[in-house]
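A short worksheet on the structure shown next.
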Amino acid sequence: MSNPSWPRMPLLPWMCIWNGLFACPQCQQTAPVYDHLNARLWRHPDPCQYQTRLHASVPHVECAQCGILTVAVSRARAQSRFSLLFEAYALDVIFVTQAQSRAAQLLQVSPDQVRKLLADGVTRGMQRRDTTRVIPHVTLDEKSLFSGQHYVSVLCDGTQDTVLEVVEHRTQEAAEALLQKGLSETQRAAVAVVSLDMWAAYAGAARVQLPDAAQVHDRFHLIAYLNGAVDITRRAENKRLVRAGDEQLKGTRYLWLRLPATLTEKQTAQLDSFSTGSLATVAA
């Protein structure tokens, strides 16, 4: 005989199954089985190189409050034909291969299924994104899409190096839409630094959407512009000197553009010899 003062033991999942009871997918109360769906298959990670599929008939439960509903399957998402473990593994394979066709070969699924797995993974990630988290540093950049002068604009979290949002084109309108989609109003107000290249459309979008953030240009473009300025100065000065019969700058283009650490001893000595002169290239 049980003691009524003892705490009641909760109904464990295996007890529910044993007694023909399952949790209602809406109210989570246990309910009896009404009937079963036709048998379904779920693709699962392959142990020992043998393709594996899970096979089960999912029951309907007859809940007193919610009616007849399909039991939630813990090993897979609703309407998916892949187990959760397989989806997680597939996303890892796609990330490593960086090619959907190659991922399809390794996973032994169709390219359409790979695209669906990838799209569903992105959707779940977007749904879990915390729009209240403070992001002090963001980056704006472009990426070539397809062929020709066709681009997408990419917004990234500079503190975690993760992509926040992507939009087509690299106009100022597209960049402003990117910042609005990728960051909530509260997050935009908290951005302290935005890193971007020297594309005017991005700078303009940052001034409008992130007026309090400092704009920092990336080193790659800064160095490219500085090297270009040095080379333009050298070419103009070399032409002037050659006309006067002085060829000291002839053939020295890469002497000025290479990193000092990569120069040979002879090149270093040659560069040092210029430093004592009054050339405009030296000043540049």
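In the structure tokens, chains take the letters A, B, ... in the order shown, each chain's residues start at 1, and ligands count up from 1 in the order shown.
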
Query raised in the report: Got a sec: who's within 6 Å of segment 28-34 of chain A, counting only C-alpha atoms, leaving out chain neighbours fewer than 3 positions off, as a VMD selection string?
Result: chain A and resid 20 to 25 60 to 63

Report task. Would you please extract all strand (DSSP E or B) residues from segment 4-220 of chain A, as assigned by DSSP on the backbone, and give them as an NGL selection string? Result -> :A and (21-23 or 30-36 or 40-44 or 52-56 or 59-63 or 67-70 or 76 or 82-83 or 137-144 or 151-157 or 162-168 or 193-196 or 214-217)

Requested in this report: Please identify which residues in segment 119-205 of chain A DSSP calls helix (DSSP H, G or I) from the backbone, and express them as an NGL selection string.
Outcome: :A and (119-128 or 172-182 or 185-190 or 200-205)

Could you save the residues just selected, with C-alpha atoms, as an mmCIF file, in the first residue's frame?
data_model
loop_
_atom_site.group_PDB
_atom_site.id
_atom_site.type_symbol
_atom_site.label_atom_id
_atom_site.label_comp_id
_atom_site.auth_asym_id
_atom_site.auth_seq_id
_atom_site.Cartn_x
_atom_site.Cartn_y
_atom_site.Cartn_z
ATOM 1 C CA ALA A 119 18.730 26.930 -46.059
ATOM 2 C CA ASP A 120 17.072 25.341 -43.026
ATOM 3 C CA GLY A 121 20.283 25.741 -40.995
ATOM 4 C CA VAL A 122 20.489 29.436 -41.882
ATOM 5 C CA THR A 123 16.818 29.917 -40.986
ATOM 6 C CA ARG A 124 17.304 28.297 -37.566
ATOM 7 C CA GLY A 125 20.366 30.429 -36.923
ATOM 8 C CA MET A 126 18.505 33.614 -37.843
ATOM 9 C CA GLN A 127 15.638 32.669 -35.541
ATOM 10 C CA ARG A 128 18.030 32.165 -32.628
ATOM 11 C CA GLN A 172 24.345 53.082 -50.491
ATOM 12 C CA GLU A 173 20.671 52.088 -50.466
ATOM 13 C CA ALA A 174 21.629 48.416 -50.284
ATOM 14 C CA ALA A 175 24.163 49.105 -47.514
ATOM 15 C CA GLU A 176 21.603 51.041 -45.474
ATOM 16 C CA ALA A 177 19.096 48.211 -45.867
ATOM 17 C CA LEU A 178 21.822 45.792 -44.784
ATOM 18 C CA LEU A 179 22.460 47.698 -41.553
ATOM 19 C CA GLN A 180 18.740 47.931 -40.823
ATOM 20 C CA LYS A 181 18.153 44.214 -41.427
ATOM 21 C CA GLY A 182 21.269 42.982 -39.647
ATOM 22 C CA GLU A 185 17.692 49.929 -33.608
ATOM 23 C CA THR A 186 19.176 49.357 -30.138
ATOM 24 C CA GLN A 187 22.164 47.514 -31.587
ATOM 25 C CA ARG A 188 22.819 50.244 -34.170
ATOM 26 C CA ALA A 189 22.902 52.837 -31.420
ATOM 27 C CA ALA A 190 25.489 50.796 -29.491
ATOM 28 C CA ALA A 200 31.928 55.817 -50.775
ATOM 29 C CA ALA A 201 28.540 54.052 -50.671
ATOM 30 C CA TYR A 202 29.495 52.155 -47.502
ATOM 31 C CA ALA A 203 30.850 55.264 -45.827
ATOM 32 C CA GLY A 204 27.657 57.139 -46.665
ATOM 33 C CA ALA A 205 25.451 54.335 -45.338
#

Query raised in the report: What does the distance between atom CA of Lys266 of chain A and atom CA of Arg240 of chain A come to in Å, to one decimal place?
Result: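 Value for the atom CA of Lys266 of chain A-atom CA of Arg240 of chain A distance: 25.7 Å.
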
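The gap separating atom CA of Leu226 of chain A from atom CA of Thr281 of chain A is 12.0 Å, in Å to one decimal.
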
Pick out the residues sitting within 12 Å of Thr268 of chain A, and hand them over as a short mmCIF file (atom, residue, chain, number, x, y, z; two decimals) with all heavy atoms, in the first residue's frame; count only C-alpha atoms, and ignore anything fewer than 3 positions along from it in its own chain.
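Final output, result_19.cif:
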data_model
loop_
_atom_site.label_atom_id
_atom_site.label_comp_id
_atom_site.auth_asym_id
_atom_site.auth_seq_id
_atom_site.Cartn_x
_atom_site.Cartn_y
_atom_site.Cartn_z
N THR A 252 63.41 50.91 -60.64
CA THR A 252 63.36 50.80 -59.17
C THR A 252 61.92 50.69 -58.63
O THR A 252 61.69 50.88 -57.45
CB THR A 252 64.03 52.01 -58.51
OG1 THR A 252 63.29 53.21 -58.85
CG2 THR A 252 65.47 52.16 -58.97
N TYR A 254 59.71 48.27 -57.88
CA TYR A 254 59.40 47.36 -56.77
C TYR A 254 60.33 47.57 -55.57
O TYR A 254 60.07 47.07 -54.49
CB TYR A 254 59.46 45.91 -57.25
CG TYR A 254 58.36 45.61 -58.24
CD1 TYR A 254 58.65 45.50 -59.59
CD2 TYR A 254 57.04 45.48 -57.84
CE1 TYR A 254 57.63 45.26 -60.52
CE2 TYR A 254 56.03 45.24 -58.75
CZ TYR A 254 56.33 45.13 -60.09
OH TYR A 254 55.32 44.90 -60.99
N LEU A 255 61.39 48.35 -55.79
CA LEU A 255 62.25 48.69 -54.66
C LEU A 255 61.48 49.51 -53.63
O LEU A 255 61.70 49.39 -52.42
CB LEU A 255 63.46 49.48 -55.17
CG LEU A 255 64.58 49.79 -54.18
CD1 LEU A 255 65.29 48.50 -53.78
CD2 LEU A 255 65.57 50.77 -54.79
N TRP A 256 60.54 50.34 -54.12
CA TRP A 256 59.77 51.21 -53.23
C TRP A 256 58.49 50.54 -52.70
O TRP A 256 57.94 50.98 -51.69
CB TRP A 256 59.37 52.48 -53.98
CG TRP A 256 60.53 53.20 -54.59
CD1 TRP A 256 60.98 53.08 -55.87
CD2 TRP A 256 61.41 54.09 -53.93
NE1 TRP A 256 62.08 53.87 -56.07
CE2 TRP A 256 62.38 54.51 -54.89
CE3 TRP A 256 61.50 54.62 -52.64
CZ2 TRP A 256 63.40 55.40 -54.60
CZ3 TRP A 256 62.50 55.51 -52.34
CH2 TRP A 256 63.44 55.89 -53.31
N ARG A 258 58.02 46.98 -52.20
CA ARG A 258 58.17 45.74 -51.44
C ARG A 258 58.38 46.00 -49.95
O ARG A 258 58.85 47.08 -49.55
CB ARG A 258 59.35 44.93 -51.98
CG ARG A 258 59.10 44.30 -53.34
CD ARG A 258 60.31 43.56 -53.85
NE ARG A 258 60.73 42.50 -52.94
CZ ARG A 258 61.79 41.73 -53.14
NH1 ARG A 258 62.55 41.92 -54.23
NH2 ARG A 258 62.10 40.78 -52.29
N LEU A 259 58.04 45.00 -49.14
CA LEU A 259 58.30 45.11 -47.70
C LEU A 259 59.80 45.14 -47.46
O LEU A 259 60.56 44.38 -48.10
CB LEU A 259 57.69 43.92 -46.96
CG LEU A 259 56.17 43.87 -46.89
CD1 LEU A 259 55.72 42.55 -46.29
CD2 LEU A 259 55.64 45.02 -46.06
N PRO A 260 60.28 45.98 -46.55
CA PRO A 260 61.73 46.05 -46.28
C PRO A 260 62.32 44.70 -45.91
O PRO A 260 63.46 44.39 -46.26
CB PRO A 260 61.82 47.04 -45.12
CG PRO A 260 60.60 47.91 -45.27
CD PRO A 260 59.54 47.00 -45.80
N ALA A 261 61.53 43.86 -45.22
CA ALA A 261 62.04 42.56 -44.78
C ALA A 261 62.31 41.61 -45.94
O ALA A 261 63.06 40.64 -45.80
CB ALA A 261 61.08 41.91 -43.80
N THR A 262 61.70 41.87 -47.10
CA THR A 262 61.87 40.98 -48.26
C THR A 262 62.98 41.46 -49.20
O THR A 262 63.24 40.80 -50.21
CB THR A 262 60.55 40.87 -49.04
OG1 THR A 262 60.22 42.16 -49.60
CG2 THR A 262 59.42 40.40 -48.13
N LEU A 263 63.59 42.59 -48.91
CA LEU A 263 64.65 43.13 -49.78
C LEU A 263 65.96 42.40 -49.55
O LEU A 263 66.28 42.01 -48.42
CB LEU A 263 64.84 44.62 -49.53
CG LEU A 263 63.66 45.54 -49.85
CD1 LEU A 263 63.97 46.97 -49.43
CD2 LEU A 263 63.32 45.50 -51.35
N THR A 264 66.74 42.25 -50.62
CA THR A 264 68.09 41.69 -50.48
C THR A 264 69.02 42.75 -49.90
O THR A 264 68.65 43.94 -49.79
CB THR A 264 68.61 41.22 -51.84
OG1 THR A 264 68.74 42.38 -52.70
CG2 THR A 264 67.66 40.22 -52.48
N GLU A 265 70.23 42.35 -49.53
CA GLU A 265 71.19 43.31 -48.99
C GLU A 265 71.51 44.39 -50.02
O GLU A 265 71.63 45.57 -49.67
CB GLU A 265 72.46 42.59 -48.57
CG GLU A 265 72.29 41.67 -47.36
CD GLU A 265 73.62 41.07 -46.92
OE1 GLU A 265 74.67 41.48 -47.48
OE2 GLU A 265 73.60 40.22 -46.02
N LEU A 271 68.30 51.29 -51.57
CA LEU A 271 67.22 52.12 -51.00
C LEU A 271 67.78 53.12 -50.00
O LEU A 271 67.35 54.28 -49.96
CB LEU A 271 66.18 51.21 -50.33
CG LEU A 271 64.89 51.89 -49.87
CD1 LEU A 271 64.14 52.50 -51.05
CD2 LEU A 271 63.99 50.88 -49.15
N ASP A 272 68.76 52.68 -49.20
CA ASP A 272 69.37 53.59 -48.23
C ASP A 272 70.11 54.74 -48.93
O ASP A 272 70.15 55.86 -48.41
CB ASP A 272 70.35 52.82 -47.34
CG ASP A 272 69.63 51.87 -46.38
OD1 ASP A 272 68.42 52.07 -46.16
OD2 ASP A 272 70.27 50.94 -45.87
N SER A 273 70.66 54.45 -50.09
CA SER A 273 71.41 55.50 -50.81
C SER A 273 70.48 56.61 -51.27
O SER A 273 70.89 57.77 -51.38
CB SER A 273 72.15 54.90 -52.00
OG SER A 273 71.23 54.45 -52.99
N PHE A 274 69.19 56.26 -51.56
CA PHE A 274 68.23 57.28 -51.98
C PHE A 274 67.80 58.17 -50.81
O PHE A 274 67.38 59.31 -51.01
CB PHE A 274 67.00 56.62 -52.60
CG PHE A 274 67.21 56.09 -53.98
CD1 PHE A 274 67.09 54.74 -54.25
CD2 PHE A 274 67.53 56.95 -55.03
CE1 PHE A 274 67.27 54.25 -55.53
CE2 PHE A 274 67.72 56.46 -56.32
CZ PHE A 274 67.59 55.11 -56.57
N SER A 275 67.87 57.66 -49.61
CA SER A 275 67.32 58.38 -48.45
C SER A 275 68.08 59.66 -48.14
O SER A 275 67.56 60.54 -47.45
CB SER A 275 67.33 57.47 -47.22
OG SER A 275 68.66 57.11 -46.88
#

Shell around Gly228 of chain A at 12 Å using only C-alpha atoms, local window under 3 positions removed, as a tab-separated table (two decimals) with N, CA, C and O atoms, in the first residue's frame:
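Final file, part-v5.tsv:
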chain	number	residue	atom	x	y	z
A	221	HIS	N	43.22	48.27	-48.09
A	221	HIS	CA	42.94	49.35	-49.01
A	221	HIS	C	43.82	50.58	-48.73
A	221	HIS	O	44.24	51.26	-49.67
A	222	LEU	N	44.09	50.85	-47.47
A	222	LEU	CA	44.98	51.97	-47.15
A	222	LEU	C	46.36	51.76	-47.76
A	222	LEU	O	46.93	52.66	-48.37
A	223	ILE	N	46.91	50.56	-47.58
A	223	ILE	CA	48.24	50.27	-48.12
A	223	ILE	C	48.21	50.32	-49.65
A	223	ILE	O	49.16	50.80	-50.28
A	224	ALA	N	47.13	49.83	-50.25
A	224	ALA	CA	47.03	49.87	-51.71
A	224	ALA	C	47.04	51.30	-52.22
A	224	ALA	O	47.72	51.62	-53.20
A	225	TYR	N	46.29	52.19	-51.55
A	225	TYR	CA	46.27	53.59	-51.96
A	225	TYR	C	47.63	54.26	-51.73
A	225	TYR	O	48.10	55.04	-52.56
A	231	ASP	N	53.93	55.09	-56.20
A	231	ASP	CA	54.29	54.69	-57.56
A	231	ASP	C	53.99	55.81	-58.55
A	231	ASP	O	54.76	56.04	-59.50
A	232	ILE	N	52.87	56.51	-58.37
A	232	ILE	CA	52.55	57.63	-59.24
A	232	ILE	C	53.62	58.71	-59.12
A	232	ILE	O	54.07	59.30	-60.12
A	233	THR	N	54.04	58.97	-57.89
A	233	THR	CA	55.10	59.97	-57.66
A	233	THR	C	56.40	59.54	-58.32
A	233	THR	O	57.08	60.36	-58.97
A	234	ARG	N	56.75	58.28	-58.19
A	234	ARG	CA	58.01	57.79	-58.78
A	234	ARG	C	57.97	57.88	-60.30
A	234	ARG	O	58.95	58.31	-60.94
A	235	ARG	N	56.86	57.50	-60.91
A	235	ARG	CA	56.78	57.52	-62.37
A	235	ARG	C	56.90	58.95	-62.91
A	235	ARG	O	57.60	59.20	-63.90
A	253	ARG	N	60.97	50.38	-59.51
A	253	ARG	CA	59.55	50.39	-59.09
A	253	ARG	C	59.33	49.55	-57.84
A	253	ARG	O	58.76	50.02	-56.85
A	254	TYR	N	59.71	48.27	-57.88
A	254	TYR	CA	59.40	47.36	-56.77
A	254	TYR	C	60.33	47.57	-55.57
A	254	TYR	O	60.07	47.07	-54.49
A	256	TRP	N	60.54	50.34	-54.12
A	256	TRP	CA	59.77	51.21	-53.23
A	256	TRP	C	58.49	50.54	-52.70
A	256	TRP	O	57.94	50.98	-51.69
A	257	LEU	N	58.04	49.48	-53.38
A	257	LEU	CA	56.75	48.88	-53.04
A	257	LEU	C	56.86	47.63	-52.19
A	257	LEU	O	55.89	47.23	-51.54
A	281	THR	N	60.09	61.10	-54.51
A	281	THR	CA	59.70	59.73	-54.24
A	281	THR	C	60.10	59.33	-52.82
A	281	THR	O	59.36	58.62	-52.13
A	284	ALA	N	57.64	60.86	-50.53
A	284	ALA	CA	56.37	60.11	-50.59
A	284	ALA	C	56.47	58.84	-49.78
A	284	ALA	O	55.53	58.47	-49.05

Residue neighbourhood Ser184 of chain A, 12 Å, only C-alpha atoms, exclusion window fewer than 6 positions, as a PDB file with C-alpha atoms, in the first residue's frame:
ATOM      1  CA  ARG A 129      19.880  35.423 -33.195  1.00  0.00           C
ATOM      2  CA  ASP A 130      19.795  37.722 -30.181  1.00  0.00           C
ATOM      3  CA  THR A 131      18.739  41.177 -31.366  1.00  0.00           C
ATOM      4  CA  THR A 132      19.434  42.679 -27.921  1.00  0.00           C
ATOM      5  CA  ARG A 133      23.111  41.693 -27.691  1.00  0.00           C
ATOM      6  CA  VAL A 134      25.468  44.664 -27.796  1.00  0.00           C
ATOM      7  CA  ILE A 135      27.813  44.536 -30.811  1.00  0.00           C
ATOM      8  CA  LEU A 164      25.064  38.997 -39.495  1.00  0.00           C
ATOM      9  CA  GLU A 165      23.334  39.735 -42.809  1.00  0.00           C
ATOM     10  CA  ALA A 177      19.096  48.211 -45.867  1.00  0.00           C
ATOM     11  CA  LEU A 178      21.822  45.792 -44.784  1.00  0.00           C
ATOM     12  CA  ALA A 190      25.489  50.796 -29.491  1.00  0.00           C
ATOM     13  CA  VAL A 191      27.948  50.322 -32.377  1.00  0.00           C
ATOM     14  CA  GLN A 209      22.639  54.457 -40.003  1.00  0.00           C
ATOM     15  CA  LEU A 210      25.571  54.539 -37.538  1.00  0.00           C
TER      16      LEU A 210
END

Requested in this report: Pick out the closest residue to Gly251 of chain A from this set: A:Val282, A:Arg53, A:Asn238, A:Tyr151. Count only C-alpha atoms.
Outcome: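 That would be A:Asn238, the residue with the smallest distance to Gly251 of chain A.
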
Requested in this report: Enter the distance from atom CA of His36 of chain A to atom CA of Ile68 of chain A, in Å, rounded to one decimal.
Outcome: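 Computed distance, atom CA of His36 of chain A to atom CA of Ile68 of chain A, equals 11.3 Å.
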